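Enquirer: Structure incoming, see below.
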Amino acid sequence: MKSLLQLYQEHHGNTSDKWGIYLSEYDRLFSSYRESPLSLLEIGVQNGGSLEIWGEYFGQAKAIVGCDINPDCGKLKYVDPKISLIVGDANTDESERQILAHAGKFDLIIDDGSHTSGDIVRTFARYFQHLSDGGLFVVEDLHCSYWQEFDGGLYDPYSSISFFKQLVDVVNYEHWGVEKKPDDVLEVFLKHFGCAIERELLSRIHSIEFINSLCVIRRAPAQENLLGHRYIVGEEENVVKIKGVAPLSSKQATLPQINNPWTARAFHPMEEVERQRTQIVEQEGRLRSYAQDLAMLREANSGQEQEIRHLTETVSAQELQANEHRRAIESLSVEIHTLRHSRSWRITAPLRWPMDQARRAKRVLSAVKSGINRVGGVKYAAAKAWGVYRNEGLATLKSKLKANAHQKLNPTPGSFPYDRNDYVEWIRRFDTIDENQRAVIRGVIEKMDSHPLISILVPTFNSDLTYLSAAIQSVKSQLYPYWELCIADDASSDERIAALLKKESQADSRIKIMLRSENGHISAASNSALSLAMGQWVALLDHDDLLTEDALFVVAHVISTNPEAKLIYSDEDKISQNGVRFDPHFKSDWNPALFLSQNMICHLGVYRTDLVRQIGGFRSEFDGAQDYDLALRYIERIVDEQIIHIPKVLYHWRVHEGSTAMSSHAKKYALTAGKMALEDYLRRNEIKGTIDLLDSGMYRVHYALPDSGPLVTIIIPTRNGLSLIKQCIESILKKTVYKNYEVLIIDNNSDDPRTLQYFSEISANSKVRVVRDERDFNYSALNNSAVNLATGEYVCLLNNDIEVISPRWLDEMMGHAIQNKTGVVGARLWYPDDTLQHGGVITGIKGVANHAHKHLPKGMRGYFSRAALIQNLSVVTAACLLVKKAIYLEVGGLNEADLKIAFNDVDFCLRVRDAGYRNVWTPYAELYHHESATRGDDSAPEAQARFRHEATYMLEHWKETLPNDPAYNRNLSLETEDFCLAWPPREHILCELYLEKTSL
């Protein structure tokens, strides 16, 4: 009987291509099958000669079946009747059906056609089930899995060789020692390649043999694939004592491995590999994109840099001129005094004109000086001007400078007496503590039931001695005396740092220091400071920043009045090198979505010491954003109600060259570390999504949607208005990427023939339904009725004057809607002139409620970027509102009895919020709002009366709620939508200590 090698050497006819080692190994593997009536399947036959040779080699075979994807194989013809050829992709259902028509089971399956790792794994997953017990599944040419062109590489975790190596674990399944299933180890492979293998089938793998580029998998009944009995023979035990084990019948034992970290992992290591792999690809893509952007920015900024230099020089020149004016004014003032009291007043009348000019120059000087002082000097005035120029353009900068100067020089009679954002004046009136207030605070401290010890953590490294001394002094000056200052120096090379710290520690026993011998960076130093803490609470203070003198008192007061509190944070502002406060950040109350967009806790953040230690303190891999990472892990251990916001500036963030306060881009590594911390947060909480680092230094969460998202019913009430409704519907149908939606048009008594004709035509679209509702116009009732007709799991209320801008608007909104605890989701709506119509709703503004940042030009980010960040808001507009249908019904829908037209969305969103859900606004779902183009005449007497009735209902029903929107701040105005300062701030629990009762 000829060997396979001899058959190859003597073969004439169709060409066959096999490696020599394959031929010798096949003789060894297949020799026992040569006389049996086997069935053989070969995937990938090239020129077809191998099938002819298999026909000769297996003379008794019932069927020799080949399959090849090359359509030219259809030209191959065979004399041997047992040979059949299928032309097609073996990994399709149709090819599999044709193959199985020739043999239900195969004794030998040879994969010689799959070369990419994905094809090899998919072929095995599809055809191993068709292998007979005792049969062999042979994979050829596995060396392809080392080549990038074939989805592989030496260490590629998803190569086909890696897959078959992993099968070895399946063969040893009974010895794992943990409660895992045999397909668990293959899950990441199968998911990656989009295939599946039944668990029972895996138990039939008997052996896996690697022979150079061959892998041979032998199949056998499951009971034959165990170690079986342990045979112990002989009588002498001179080395290892195995008494107590019955000879010839000892059963196998599995040692429990539940405490083995490499066995009992909650997830497969490949999942981590996949995450890293994805990150590498994303980072490389971003690096290429950044390189391109950088080249473009350098080219574009060349002109801007010249402009800012010009601006800086201009401001400097103005300051020199101002000094000259000041000297001239002093001289002229003496002269004027003399002249006005001189008998020669009439004679010197010609001098009145230059004196008038001198007075005007003095007012100009005052305006310039005020503008400069507000941001702390010429340098910061230039930086402020550059920020306006960069974000809003030169025209806006000029107009603002002109408007400010005009307001200073020509105040309007009866107008507001101050610039509404004059923070210096605002501080003087509302945020300055006098001796009487200090006495009151000390009295309150004495009467407190308890005095929690607060440990302030300060890591230092080569700090500026002036700033460090000021930071320490700000703690020593606290009105609340129950604190300890824990300072850890991270091996500063400046010996003066250690000397200063030792001196301060010796002077005040409350100051504890640790001088680290090795530099470990900020997290290591912060953990060293934490190790010194004895207080129940820890507060974080940077080495160059300042606490207000009442900071720890206010914190202690909150602790004493909120026994369930676990995390406390305050408002903050910035302070220049010469001590001028500016840029106040008046924050919202706890806002989880906003916190995933920016570190809104930041300063002053105060935490329970025991919880900080339980979560492991600060982590060095997130240096630069270690406080953000700490807060992200910390909030997972507490509930929303345990997070308290203090609406008062308690912390001054120092601005100097290189500080993060000067620019979020001053420490790029910190932004990257923040992104990593957010990614780790998503992973820990099993939230599917990705994180983008924005140009503003903020972040965006992309929530992943399932392959087929839930059905959304888009509800659009309308009456006539053909151009608007047609524009709305066509923009949805043409631009919306999200697939699983339906449009439900509620026709409220349309009588325009063209509109009715359009409804008839559009109804032919399978995604659109038109329902006639002939009741009197009641927006709430129309929507409530439509929700009952909706077949979607989610409903989207949409005005007929909306036009889609961003194709992924519905994907974006649904990404938030499917998250845990989400209630209503709102979108960013623009007026047709590209100014902001809806950036969320703040209750209490101008009465019931109003739109935040209304009329803000496109491209501007608003107050601390809040017009451009995902956040939780109390209310979003029903012009575009998405909510789960079950939640809509749970709270009773829109109030059709009391709020037929106006404020029904405000009332609805507040009820959803009070039901325990979080309402979300996202700026990444963008649409135009051609506002209320079909509403009718709101100036009609009946419309005015209805509006007054509905406004009165809201003001009475939500009396305590409206002026206290948790998404806003008591220090911000309820008179405008632009987040300007409130004059005075609205009252809070500490108002009697801080608010000057002076009317404006």
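Residue numbers start at 1 in each chain; chains themselves are named A, B, ... in the order of the structure tokens; ligands are numbered from 1 in the order shown.
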Quick one: residues within 10 Å of Ser517 (chain A), only C-alpha atoms, excluding same-chain residues fewer than 2 positions away - as a count of residues only?
Expert: 8
Enquirer: Identify, with DSSP run on backbone atoms, the residues in region 803-981 of chain A assigned to helix (DSSP H, G or I), and express the list as a PyMOL selection string.
Expert: chain A and resi 809-817+863-865+885-890+904-914+941-957+962-964
Enquirer: Would you please work out which residue, of A:Asn919, A:Asn799, A:Asn47, A:Asn91, is nearest to Asp111 (chain A) when using only C-alpha atoms?
Expert: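 The shortest atom-to-atom distance to Asp111 (chain A) comes from A:Asn91.
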Enquirer: Env of Cys880 (chain A): 10 Å cut, atoms = only C-alpha atoms, seq-sep filter 6 positions within chain, self excluded. Answer as a count of residues only.
Expert: 19
Enquirer: Looking only at the backbone, which of the residues in region 468-683 of chain A does DSSP tag as strand (DSSP E), as a ChimeraX atom specification?
Expert: /A:483-489,511-515,537-540,546-547,567-575,581-585,605-608,643-654
